[in-house]
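As structure tokens, the structure follows; a few thoughts come after it.
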Amino acid sequence: MKPQPDVPASERGAALLSILLLVAILSVIAATTLDRVILSTKLSGNGQAMRQARLLAFAAEDIALARLADLRAADTTQTTMAGGWLATPRRFQLPGGTISATVHDSSNCFNLNSLVQDSEGALAINPIGRDQFVSLMTVLSIPENSARSIAAAAVDWADSDNSPQQNGGAEDSDYLGSAQSYLAANQLFAHKSELRSVKNVTPAIYAKLSPFLCALPVASLSPLNANTLLPEQAPLLAMLYPSGAMTINNARSILAKRPGGGYGSVLRFWESFGAQSAKPIQAVQDQVKMTSNWFRLDLAVTSGDIELRETALIAAEVVPPKIVWRSWGEAE
């Protein structure tokens, strides 16, 4: 047997150090690989739970669409609060998770797109919609001068031209000079939150207005359903009158006298104001409806550790009702 050569002690220490260093590197690699495997497994599980949550949300949409179709078919002449469907959370337990669904009447809001109207293929100011927006703001204690400038700027945000309205209008030049430059949309509002980008709309003003706003995908006056207006929505009834002509308390008093089964006809609704009460112009009287064509569906879905929220706008004037748009995340 050939004798092994003697290895100096210093070299034996270096070899041991190299082995220890190699073991440390392999340990780090192993730990990193394990962390990535755990992360990948968790991401995969979360992805599966999110897919499950979205499938549950789609199932809840189908249930809501069927219920709204039944609601419309039950009485084609008027939509009332009978049955307790309005703003009442409904909870469903389905395989894979739970759903909380709430339906709101989206006819009962100020339609930001009523600020404009179609004019030979272009969007131009609708003075009635603008005045109703001013009236809504003043009844919510927003100073009238501010209300008029905001309304003018909001008209410019949606209309097709690049000429600012009088009394506070704003077009591209007003926004290009801001800290974060952008342009006016010059098209219909896609969502009420766009109003936050309009000149002179502060966070405090938007917070006051938000509960009463919507952006229906039509350039027409807000189609208020007198049968389903809630007491807290009294400012929407007051906005039908010129600024300062009707108070919130007066509007709330009128809604408190509503028949349990609804008014039955628009004529009966206006007759309930009394012979001595001045009525708005005919175009405004005609915008009050007995049926609802727009609904908002708010969903809260829980699947495993995932909590998903969805808001959807439903058009019910078509048969069957259909989803116009949906958004994921916290509802505004």
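Starting from 1 in every chain, residues are counted up; chains themselves are A, B, ... following the order of the structure tokens, and ligands are numbered from 1 as listed.
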For A:Asn167, please output as a ChimeraX atom specification all residues within 7 Å (counting only C-alpha atoms; exclusion window: fewer than 6 positions along the same chain). /A:148-149,152
Contact residues around stretch 281-283 of chain A with only C-alpha atoms at 12 Å, ignoring same-chain residues under 4 positions, as a short mmCIF file (atom, residue, chain, number, x, y, z; two decimals) with N, CA and C atoms, in the first residue's frame:
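Result saved to result_4.cif:
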```cif
data_model
loop_
_atom_site.label_atom_id
_atom_site.label_comp_id
_atom_site.auth_asym_id
_atom_site.auth_seq_id
_atom_site.Cartn_x
_atom_site.Cartn_y
_atom_site.Cartn_z
N ASN A 126 -76.70 70.07 -21.86
CA ASN A 126 -78.13 69.93 -21.57
C ASN A 126 -78.42 70.89 -20.40
N PRO A 127 -79.00 72.03 -20.66
CA PRO A 127 -79.21 73.02 -19.59
C PRO A 127 -80.02 72.49 -18.42
N ILE A 128 -80.98 71.61 -18.70
CA ILE A 128 -81.79 71.07 -17.59
C ILE A 128 -80.93 70.22 -16.67
N GLY A 129 -80.11 69.35 -17.25
CA GLY A 129 -79.22 68.52 -16.45
C GLY A 129 -78.23 69.35 -15.66
N SER A 220 -79.08 61.22 -20.97
CA SER A 220 -80.47 61.58 -20.74
C SER A 220 -80.67 61.95 -19.28
N LEU A 221 -81.75 62.68 -19.00
CA LEU A 221 -82.02 63.11 -17.64
C LEU A 221 -82.20 61.93 -16.70
N SER A 222 -81.83 62.13 -15.45
CA SER A 222 -81.87 61.06 -14.45
C SER A 222 -83.30 60.51 -14.32
N PRO A 223 -83.50 59.20 -14.56
CA PRO A 223 -84.85 58.62 -14.57
C PRO A 223 -85.30 58.18 -13.18
N LEU A 240 -85.00 68.47 -8.58
CA LEU A 240 -85.88 68.67 -9.73
C LEU A 240 -86.39 70.10 -9.80
N TYR A 241 -86.25 70.81 -8.71
CA TYR A 241 -86.71 72.20 -8.64
C TYR A 241 -85.51 73.14 -8.73
N PRO A 242 -85.74 74.38 -9.14
CA PRO A 242 -84.64 75.35 -9.18
C PRO A 242 -83.94 75.46 -7.83
N VAL A 266 -97.46 58.37 -12.83
CA VAL A 266 -96.71 59.61 -12.64
C VAL A 266 -97.66 60.76 -12.31
N LEU A 267 -98.82 60.76 -12.94
CA LEU A 267 -99.80 61.81 -12.68
C LEU A 267 -100.19 61.84 -11.20
N TRP A 270 -97.44 63.50 -9.04
CA TRP A 270 -97.42 64.96 -9.04
C TRP A 270 -98.66 65.53 -8.37
N GLN A 287 -89.37 63.14 -16.55
CA GLN A 287 -88.23 62.30 -16.21
C GLN A 287 -88.50 61.42 -14.99
N VAL A 288 -89.53 61.73 -14.23
CA VAL A 288 -89.93 60.88 -13.11
C VAL A 288 -90.65 59.64 -13.67
#
```
Exercise: stretch 232-239 of chain A partners within 12 Å, only C-alpha atoms, chain neighbours under 4 positions left out, as a PDB file with N, CA, C and O atoms, in the first residue's frame:
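Final output, saved to part-v8.pdb:
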```pdb
ATOM      1  N   ASP A 105     -81.359  50.447  -6.565  1.00  0.00           N
ATOM      2  CA  ASP A 105     -82.016  51.039  -7.724  1.00  0.00           C
ATOM      3  C   ASP A 105     -81.105  52.127  -8.278  1.00  0.00           C
ATOM      4  O   ASP A 105     -80.974  53.199  -7.695  1.00  0.00           O
ATOM      5  N   SER A 106     -80.469  51.865  -9.416  1.00  0.00           N
ATOM      6  CA  SER A 106     -79.554  52.843 -10.011  1.00  0.00           C
ATOM      7  C   SER A 106     -80.272  53.873 -10.855  1.00  0.00           C
ATOM      8  O   SER A 106     -79.626  54.702 -11.500  1.00  0.00           O
ATOM      9  N   SER A 107     -81.602  53.823 -10.876  1.00  0.00           N
ATOM     10  CA  SER A 107     -82.339  54.920 -11.496  1.00  0.00           C
ATOM     11  C   SER A 107     -82.314  56.132 -10.571  1.00  0.00           C
ATOM     12  O   SER A 107     -82.398  57.275 -11.039  1.00  0.00           O
ATOM     13  N   ASN A 108     -82.211  55.885  -9.284  1.00  0.00           N
ATOM     14  CA  ASN A 108     -82.306  56.950  -8.287  1.00  0.00           C
ATOM     15  C   ASN A 108     -80.927  57.511  -7.958  1.00  0.00           C
ATOM     16  O   ASN A 108     -80.306  57.161  -6.947  1.00  0.00           O
ATOM     17  N   CYS A 109     -80.456  58.364  -8.847  1.00  0.00           N
ATOM     18  CA  CYS A 109     -79.168  59.023  -8.677  1.00  0.00           C
ATOM     19  C   CYS A 109     -79.103  60.147  -9.702  1.00  0.00           C
ATOM     20  O   CYS A 109     -79.905  60.186 -10.637  1.00  0.00           O
ATOM     21  N   PHE A 110     -78.169  61.067  -9.503  1.00  0.00           N
ATOM     22  CA  PHE A 110     -77.975  62.073 -10.533  1.00  0.00           C
ATOM     23  C   PHE A 110     -77.046  61.495 -11.580  1.00  0.00           C
ATOM     24  O   PHE A 110     -75.889  61.174 -11.304  1.00  0.00           O
ATOM     25  N   ASN A 111     -77.550  61.341 -12.790  1.00  0.00           N
ATOM     26  CA  ASN A 111     -76.767  60.805 -13.898  1.00  0.00           C
ATOM     27  C   ASN A 111     -75.845  61.899 -14.429  1.00  0.00           C
ATOM     28  O   ASN A 111     -76.297  62.876 -15.027  1.00  0.00           O
ATOM     29  N   ILE A 128     -80.978  71.608 -18.695  1.00  0.00           N
ATOM     30  CA  ILE A 128     -81.794  71.072 -17.594  1.00  0.00           C
ATOM     31  C   ILE A 128     -80.925  70.218 -16.668  1.00  0.00           C
ATOM     32  O   ILE A 128     -80.984  70.342 -15.442  1.00  0.00           O
ATOM     33  N   GLY A 129     -80.112  69.349 -17.253  1.00  0.00           N
ATOM     34  CA  GLY A 129     -79.219  68.518 -16.452  1.00  0.00           C
ATOM     35  C   GLY A 129     -78.230  69.347 -15.660  1.00  0.00           C
ATOM     36  O   GLY A 129     -77.949  69.067 -14.487  1.00  0.00           O
ATOM     37  N   ARG A 130     -77.690  70.396 -16.305  1.00  0.00           N
ATOM     38  CA  ARG A 130     -76.747  71.272 -15.591  1.00  0.00           C
ATOM     39  C   ARG A 130     -77.418  71.943 -14.408  1.00  0.00           C
ATOM     40  O   ARG A 130     -76.872  71.978 -13.292  1.00  0.00           O
ATOM     41  N   ASP A 131     -78.628  72.468 -14.616  1.00  0.00           N
ATOM     42  CA  ASP A 131     -79.335  73.156 -13.525  1.00  0.00           C
ATOM     43  C   ASP A 131     -79.691  72.199 -12.393  1.00  0.00           C
ATOM     44  O   ASP A 131     -79.666  72.583 -11.212  1.00  0.00           O
ATOM     45  N   GLN A 132     -80.020  70.960 -12.728  1.00  0.00           N
ATOM     46  CA  GLN A 132     -80.321  69.979 -11.677  1.00  0.00           C
ATOM     47  C   GLN A 132     -79.069  69.650 -10.868  1.00  0.00           C
ATOM     48  O   GLN A 132     -79.144  69.449  -9.650  1.00  0.00           O
ATOM     49  N   PHE A 133     -77.914  69.626 -11.534  1.00  0.00           N
ATOM     50  CA  PHE A 133     -76.665  69.371 -10.817  1.00  0.00           C
ATOM     51  C   PHE A 133     -76.382  70.520  -9.848  1.00  0.00           C
ATOM     52  O   PHE A 133     -75.984  70.297  -8.696  1.00  0.00           O
ATOM     53  N   VAL A 134     -76.597  71.749 -10.304  1.00  0.00           N
ATOM     54  CA  VAL A 134     -76.412  72.908  -9.424  1.00  0.00           C
ATOM     55  C   VAL A 134     -77.372  72.831  -8.247  1.00  0.00           C
ATOM     56  O   VAL A 134     -76.983  73.056  -7.089  1.00  0.00           O
ATOM     57  N   SER A 135     -78.622  72.499  -8.517  1.00  0.00           N
ATOM     58  CA  SER A 135     -79.620  72.412  -7.454  1.00  0.00           C
ATOM     59  C   SER A 135     -79.257  71.330  -6.441  1.00  0.00           C
ATOM     60  O   SER A 135     -79.397  71.530  -5.226  1.00  0.00           O
ATOM     61  N   LEU A 136     -78.776  70.194  -6.926  1.00  0.00           N
ATOM     62  CA  LEU A 136     -78.366  69.114  -6.025  1.00  0.00           C
ATOM     63  C   LEU A 136     -77.237  69.580  -5.123  1.00  0.00           C
ATOM     64  O   LEU A 136     -77.240  69.329  -3.909  1.00  0.00           O
ATOM     65  N   MET A 137     -76.262  70.276  -5.691  1.00  0.00           N
ATOM     66  CA  MET A 137     -75.126  70.723  -4.891  1.00  0.00           C
ATOM     67  C   MET A 137     -75.544  71.752  -3.848  1.00  0.00           C
ATOM     68  O   MET A 137     -75.092  71.692  -2.693  1.00  0.00           O
ATOM     69  N   THR A 138     -76.403  72.677  -4.229  1.00  0.00           N
ATOM     70  CA  THR A 138     -76.799  73.709  -3.259  1.00  0.00           C
ATOM     71  C   THR A 138     -77.641  73.125  -2.136  1.00  0.00           C
ATOM     72  O   THR A 138     -77.516  73.545  -0.984  1.00  0.00           O
ATOM     73  N   VAL A 139     -78.491  72.131  -2.437  1.00  0.00           N
ATOM     74  CA  VAL A 139     -79.305  71.529  -1.386  1.00  0.00           C
ATOM     75  C   VAL A 139     -78.429  70.708  -0.442  1.00  0.00           C
ATOM     76  O   VAL A 139     -78.814  70.447   0.709  1.00  0.00           O
ATOM     77  N   LEU A 140     -77.225  70.342  -0.899  1.00  0.00           N
ATOM     78  CA  LEU A 140     -76.262  69.640  -0.053  1.00  0.00           C
ATOM     79  C   LEU A 140     -75.278  70.611   0.617  1.00  0.00           C
ATOM     80  O   LEU A 140     -74.217  70.208   1.082  1.00  0.00           O
ATOM     81  N   SER A 141     -75.657  71.899   0.611  1.00  0.00           N
ATOM     82  CA  SER A 141     -74.899  72.954   1.311  1.00  0.00           C
ATOM     83  C   SER A 141     -73.568  73.286   0.658  1.00  0.00           C
ATOM     84  O   SER A 141     -72.639  73.770   1.322  1.00  0.00           O
ATOM     85  N   LYS A 208     -69.389  64.602  -0.442  1.00  0.00           N
ATOM     86  CA  LYS A 208     -70.790  64.984  -0.256  1.00  0.00           C
ATOM     87  C   LYS A 208     -71.664  64.482  -1.399  1.00  0.00           C
ATOM     88  O   LYS A 208     -72.795  64.038  -1.203  1.00  0.00           O
ATOM     89  N   LEU A 209     -71.132  64.577  -2.609  1.00  0.00           N
ATOM     90  CA  LEU A 209     -71.927  64.261  -3.798  1.00  0.00           C
ATOM     91  C   LEU A 209     -71.997  62.770  -4.106  1.00  0.00           C
ATOM     92  O   LEU A 209     -73.010  62.285  -4.629  1.00  0.00           O
ATOM     93  N   SER A 210     -70.940  62.044  -3.803  1.00  0.00           N
ATOM     94  CA  SER A 210     -70.803  60.657  -4.248  1.00  0.00           C
ATOM     95  C   SER A 210     -72.026  59.770  -3.989  1.00  0.00           C
ATOM     96  O   SER A 210     -72.428  59.007  -4.872  1.00  0.00           O
ATOM     97  N   PRO A 211     -72.664  59.819  -2.806  1.00  0.00           N
ATOM     98  CA  PRO A 211     -73.810  58.925  -2.572  1.00  0.00           C
ATOM     99  C   PRO A 211     -74.980  59.171  -3.516  1.00  0.00           C
ATOM    100  O   PRO A 211     -75.858  58.307  -3.638  1.00  0.00           O
ATOM    101  N   PHE A 212     -74.997  60.324  -4.189  1.00  0.00           N
ATOM    102  CA  PHE A 212     -76.140  60.667  -5.030  1.00  0.00           C
ATOM    103  C   PHE A 212     -75.802  60.624  -6.520  1.00  0.00           C
ATOM    104  O   PHE A 212     -76.645  60.967  -7.350  1.00  0.00           O
ATOM    105  N   LEU A 213     -74.590  60.217  -6.856  1.00  0.00           N
ATOM    106  CA  LEU A 213     -74.136  60.255  -8.245  1.00  0.00           C
ATOM    107  C   LEU A 213     -74.108  58.880  -8.895  1.00  0.00           C
ATOM    108  O   LEU A 213     -73.986  57.856  -8.228  1.00  0.00           O
ATOM    109  N   CYS A 214     -74.212  58.885 -10.221  1.00  0.00           N
ATOM    110  CA  CYS A 214     -73.972  57.686 -11.020  1.00  0.00           C
ATOM    111  C   CYS A 214     -73.576  58.155 -12.414  1.00  0.00           C
ATOM    112  O   CYS A 214     -73.672  59.351 -12.733  1.00  0.00           O
ATOM    113  N   LEU A 221     -81.755  62.676 -19.004  1.00  0.00           N
ATOM    114  CA  LEU A 221     -82.024  63.113 -17.641  1.00  0.00           C
ATOM    115  C   LEU A 221     -82.197  61.928 -16.699  1.00  0.00           C
ATOM    116  O   LEU A 221     -82.658  60.854 -17.105  1.00  0.00           O
ATOM    117  N   SER A 222     -81.830  62.130 -15.451  1.00  0.00           N
ATOM    118  CA  SER A 222     -81.875  61.061 -14.446  1.00  0.00           C
ATOM    119  C   SER A 222     -83.297  60.511 -14.318  1.00  0.00           C
ATOM    120  O   SER A 222     -84.221  61.237 -13.966  1.00  0.00           O
ATOM    121  N   PRO A 223     -83.496  59.200 -14.562  1.00  0.00           N
ATOM    122  CA  PRO A 223     -84.849  58.618 -14.570  1.00  0.00           C
ATOM    123  C   PRO A 223     -85.301  58.185 -13.181  1.00  0.00           C
ATOM    124  O   PRO A 223     -85.400  56.998 -12.862  1.00  0.00           O
ATOM    125  N   LEU A 224     -85.599  59.130 -12.314  1.00  0.00           N
ATOM    126  CA  LEU A 224     -85.932  58.823 -10.921  1.00  0.00           C
ATOM    127  C   LEU A 224     -87.221  58.018 -10.826  1.00  0.00           C
ATOM    128  O   LEU A 224     -88.233  58.358 -11.438  1.00  0.00           O
ATOM    129  N   ASN A 225     -87.186  56.956 -10.033  1.00  0.00           N
ATOM    130  CA  ASN A 225     -88.385  56.156  -9.770  1.00  0.00           C
ATOM    131  C   ASN A 225     -88.997  56.634  -8.455  1.00  0.00           C
ATOM    132  O   ASN A 225     -88.444  56.398  -7.377  1.00  0.00           O
ATOM    133  N   ALA A 226     -90.147  57.310  -8.541  1.00  0.00           N
ATOM    134  CA  ALA A 226     -90.789  57.863  -7.346  1.00  0.00           C
ATOM    135  C   ALA A 226     -91.226  56.783  -6.370  1.00  0.00           C
ATOM    136  O   ALA A 226     -91.420  57.062  -5.183  1.00  0.00           O
ATOM    137  N   ASN A 227     -91.374  55.539  -6.837  1.00  0.00           N
ATOM    138  CA  ASN A 227     -91.817  54.453  -5.965  1.00  0.00           C
ATOM    139  C   ASN A 227     -90.701  53.898  -5.088  1.00  0.00           C
ATOM    140  O   ASN A 227     -90.978  53.222  -4.091  1.00  0.00           O
ATOM    141  N   THR A 228     -89.455  54.142  -5.462  1.00  0.00           N
ATOM    142  CA  THR A 228     -88.353  53.503  -4.733  1.00  0.00           C
ATOM    143  C   THR A 228     -87.358  54.507  -4.145  1.00  0.00           C
ATOM    144  O   THR A 228     -86.352  54.085  -3.571  1.00  0.00           O
ATOM    145  N   SER A 243     -82.706  75.878  -7.876  1.00  0.00           N
ATOM    146  CA  SER A 243     -81.887  75.968  -6.662  1.00  0.00           C
ATOM    147  C   SER A 243     -82.596  76.751  -5.571  1.00  0.00           C
ATOM    148  O   SER A 243     -83.016  77.893  -5.773  1.00  0.00           O
ATOM    149  N   GLY A 244     -82.791  76.118  -4.415  1.00  0.00           N
ATOM    150  CA  GLY A 244     -83.401  76.755  -3.253  1.00  0.00           C
ATOM    151  C   GLY A 244     -84.912  76.690  -3.207  1.00  0.00           C
ATOM    152  O   GLY A 244     -85.514  77.115  -2.226  1.00  0.00           O
ATOM    153  N   ALA A 245     -85.562  76.129  -4.251  1.00  0.00           N
ATOM    154  CA  ALA A 245     -87.030  76.109  -4.293  1.00  0.00           C
ATOM    155  C   ALA A 245     -87.630  75.009  -3.428  1.00  0.00           C
ATOM    156  O   ALA A 245     -88.784  75.112  -3.014  1.00  0.00           O
ATOM    157  N   MET A 246     -86.883  73.949  -3.160  1.00  0.00           N
ATOM    158  CA  MET A 246     -87.383  72.869  -2.301  1.00  0.00           C
ATOM    159  C   MET A 246     -86.277  72.435  -1.351  1.00  0.00           C
ATOM    160  O   MET A 246     -85.139  72.201  -1.770  1.00  0.00           O
ATOM    161  N   THR A 247     -86.595  72.292  -0.083  1.00  0.00           N
ATOM    162  CA  THR A 247     -85.618  71.855   0.909  1.00  0.00           C
ATOM    163  C   THR A 247     -85.630  70.334   1.025  1.00  0.00           C
ATOM    164  O   THR A 247     -86.568  69.662   0.577  1.00  0.00           O
ATOM    165  N   ILE A 248     -84.593  69.812   1.662  1.00  0.00           N
ATOM    166  CA  ILE A 248     -84.524  68.371   1.890  1.00  0.00           C
ATOM    167  C   ILE A 248     -85.684  67.923   2.771  1.00  0.00           C
ATOM    168  O   ILE A 248     -86.286  66.870   2.527  1.00  0.00           O
ATOM    169  N   ASN A 249     -86.027  68.721   3.771  1.00  0.00           N
ATOM    170  CA  ASN A 249     -87.130  68.345   4.666  1.00  0.00           C
ATOM    171  C   ASN A 249     -88.459  68.279   3.921  1.00  0.00           C
ATOM    172  O   ASN A 249     -89.276  67.381   4.170  1.00  0.00           O
ATOM    173  N   ASN A 250     -88.688  69.229   3.009  1.00  0.00           N
ATOM    174  CA  ASN A 250     -89.911  69.187   2.214  1.00  0.00           C
ATOM    175  C   ASN A 250     -89.962  67.935   1.344  1.00  0.00           C
ATOM    176  O   ASN A 250     -90.995  67.262   1.247  1.00  0.00           O
ATOM    177  N   ALA A 251     -88.838  67.623   0.726  1.00  0.00           N
ATOM    178  CA  ALA A 251     -88.779  66.438  -0.130  1.00  0.00           C
ATOM    179  C   ALA A 251     -88.978  65.169   0.690  1.00  0.00           C
ATOM    180  O   ALA A 251     -89.686  64.238   0.269  1.00  0.00           O
ATOM    181  N   ARG A 252     -88.376  65.112   1.876  1.00  0.00           N
ATOM    182  CA  ARG A 252     -88.522  63.940   2.734  1.00  0.00           C
ATOM    183  C   ARG A 252     -89.973  63.779   3.193  1.00  0.00           C
ATOM    184  O   ARG A 252     -90.492  62.662   3.288  1.00  0.00           O
ATOM    185  N   SER A 253     -90.644  64.894   3.439  1.00  0.00           N
ATOM    186  CA  SER A 253     -92.049  64.850   3.845  1.00  0.00           C
ATOM    187  C   SER A 253     -92.928  64.288   2.729  1.00  0.00           C
ATOM    188  O   SER A 253     -93.848  63.503   2.981  1.00  0.00           O
ATOM    189  N   ILE A 254     -92.636  64.654   1.490  1.00  0.00           N
ATOM    190  CA  ILE A 254     -93.399  64.135   0.353  1.00  0.00           C
ATOM    191  C   ILE A 254     -93.206  62.627   0.223  1.00  0.00           C
ATOM    192  O   ILE A 254     -94.162  61.869   0.025  1.00  0.00           O
ATOM    193  N   LEU A 255     -91.969  62.172   0.360  1.00  0.00           N
ATOM    194  CA  LEU A 255     -91.689  60.738   0.245  1.00  0.00           C
ATOM    195  C   LEU A 255     -92.342  59.949   1.386  1.00  0.00           C
ATOM    196  O   LEU A 255     -92.731  58.791   1.198  1.00  0.00           O
ATOM    197  N   ALA A 256     -92.471  60.566   2.549  1.00  0.00           N
ATOM    198  CA  ALA A 256     -93.075  59.880   3.698  1.00  0.00           C
ATOM    199  C   ALA A 256     -94.547  59.595   3.473  1.00  0.00           C
ATOM    200  O   ALA A 256     -95.115  58.679   4.097  1.00  0.00           O
ATOM    201  N   PHE A 269     -98.430  60.824  -8.737  1.00  0.00           N
ATOM    202  CA  PHE A 269     -97.279  61.314  -7.965  1.00  0.00           C
ATOM    203  C   PHE A 269     -97.291  62.831  -7.904  1.00  0.00           C
ATOM    204  O   PHE A 269     -97.187  63.422  -6.821  1.00  0.00           O
ATOM    205  N   TRP A 270     -97.440  63.501  -9.039  1.00  0.00           N
ATOM    206  CA  TRP A 270     -97.421  64.956  -9.035  1.00  0.00           C
ATOM    207  C   TRP A 270     -98.659  65.532  -8.366  1.00  0.00           C
ATOM    208  O   TRP A 270     -98.602  66.616  -7.764  1.00  0.00           O
ATOM    209  N   PHE A 273     -98.481  66.404  -4.586  1.00  0.00           N
ATOM    210  CA  PHE A 273     -97.857  67.635  -4.103  1.00  0.00           C
ATOM    211  C   PHE A 273     -98.901  68.660  -3.691  1.00  0.00           C
ATOM    212  O   PHE A 273     -98.594  69.613  -2.991  1.00  0.00           O
ATOM    213  N   LYS A 279     -95.189  73.146  -9.836  1.00  0.00           N
ATOM    214  CA  LYS A 279     -94.546  71.950 -10.383  1.00  0.00           C
ATOM    215  C   LYS A 279     -93.463  72.368 -11.373  1.00  0.00           C
ATOM    216  O   LYS A 279     -93.553  73.440 -11.984  1.00  0.00           O
ATOM    217  N   PRO A 280     -92.435  71.549 -11.521  1.00  0.00           N
ATOM    218  CA  PRO A 280     -91.373  71.903 -12.472  1.00  0.00           C
ATOM    219  C   PRO A 280     -91.887  71.831 -13.913  1.00  0.00           C
ATOM    220  O   PRO A 280     -93.012  71.392 -14.165  1.00  0.00           O
ATOM    221  N   VAL A 284     -89.122  68.006 -16.975  1.00  0.00           N
ATOM    222  CA  VAL A 284     -88.675  67.476 -15.688  1.00  0.00           C
ATOM    223  C   VAL A 284     -89.734  66.547 -15.108  1.00  0.00           C
ATOM    224  O   VAL A 284     -89.408  65.487 -14.558  1.00  0.00           O
ATOM    225  N   GLN A 285     -91.003  66.927 -15.229  1.00  0.00           N
ATOM    226  CA  GLN A 285     -92.059  66.030 -14.764  1.00  0.00           C
ATOM    227  C   GLN A 285     -91.978  64.681 -15.475  1.00  0.00           C
ATOM    228  O   GLN A 285     -92.188  63.636 -14.863  1.00  0.00           O
ATOM    229  N   GLN A 287     -89.373  63.138 -16.555  1.00  0.00           N
ATOM    230  CA  GLN A 287     -88.227  62.296 -16.213  1.00  0.00           C
ATOM    231  C   GLN A 287     -88.504  61.424 -14.991  1.00  0.00           C
ATOM    232  O   GLN A 287     -87.771  60.457 -14.741  1.00  0.00           O
ATOM    233  N   VAL A 288     -89.535  61.730 -14.234  1.00  0.00           N
ATOM    234  CA  VAL A 288     -89.931  60.877 -13.114  1.00  0.00           C
ATOM    235  C   VAL A 288     -90.651  59.644 -13.669  1.00  0.00           C
ATOM    236  O   VAL A 288     -91.528  59.759 -14.525  1.00  0.00           O
TER     237      VAL A 288
END
```
Could you go through stretch 52-297 of chain A and tell me which residues DSSP, when run on the backbone, assigns to alpha helix (DSSP H), listing them as an NGL selection string? :A and (52-74 or 127-139 or 144-158 or 172-176 or 203-209 or 234-238 or 248-256 or 266-271 or 282-287)
Report, in Å to a single decimal, how far apart atom CA of A:Ser114 and atom CA of A:Leu176 are. 25.8 Å
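Summary of the local environment: counting only C-alpha atoms, residues at most 6 Å from A:Ala215, other than itself and those fewer than 4 positions away along its chain, are Asn111, Leu112, Phe189, His191 and Lys192 of chain A.
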Keeping only N, CA and C atoms, write the selected residues to a file as a CSV table (one decimal), in the first residue's frame.
```csv
chain,number,residue,atom,x,y,z
A,111,ASN,N,-77.5,61.3,-12.8
A,111,ASN,CA,-76.8,60.8,-13.9
A,111,ASN,C,-75.8,61.9,-14.4
A,112,LEU,N,-74.6,61.8,-14.2
A,112,LEU,CA,-73.6,62.8,-14.7
A,112,LEU,C,-73.7,63.0,-16.2
A,189,PHE,N,-69.2,60.3,-19.2
A,189,PHE,CA,-68.5,59.8,-18.0
A,189,PHE,C,-68.7,58.3,-18.0
A,191,HIS,N,-67.6,56.5,-15.3
A,191,HIS,CA,-67.8,56.1,-13.9
A,191,HIS,C,-67.9,57.4,-13.1
A,192,LYS,N,-68.7,57.4,-12.0
A,192,LYS,CA,-68.9,58.7,-11.3
A,192,LYS,C,-67.6,59.2,-10.7
```
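Of the residues in stretch 119-196 of chain A, those given strand (DSSP E or B) by DSSP on the backbone are Ser119, Ala122, Leu123, Ala124 and Ile125 of chain A.
For the residues A:Asn113, A:Pro231, A:Asp174, A:Gly121, ranking by smallest atom-to-atom distance to A:Glu194 using only C-alpha atoms places A:Asn113 first.
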So that I can see what lies close to A:Glu310, please list as number ranges by chain the residues with an atom at most 8 Å from it, counting only C-alpha atoms and leaving out residues fewer than 2 positions away in the same chain. A: 57, 297-300, 308, 312, 326-331
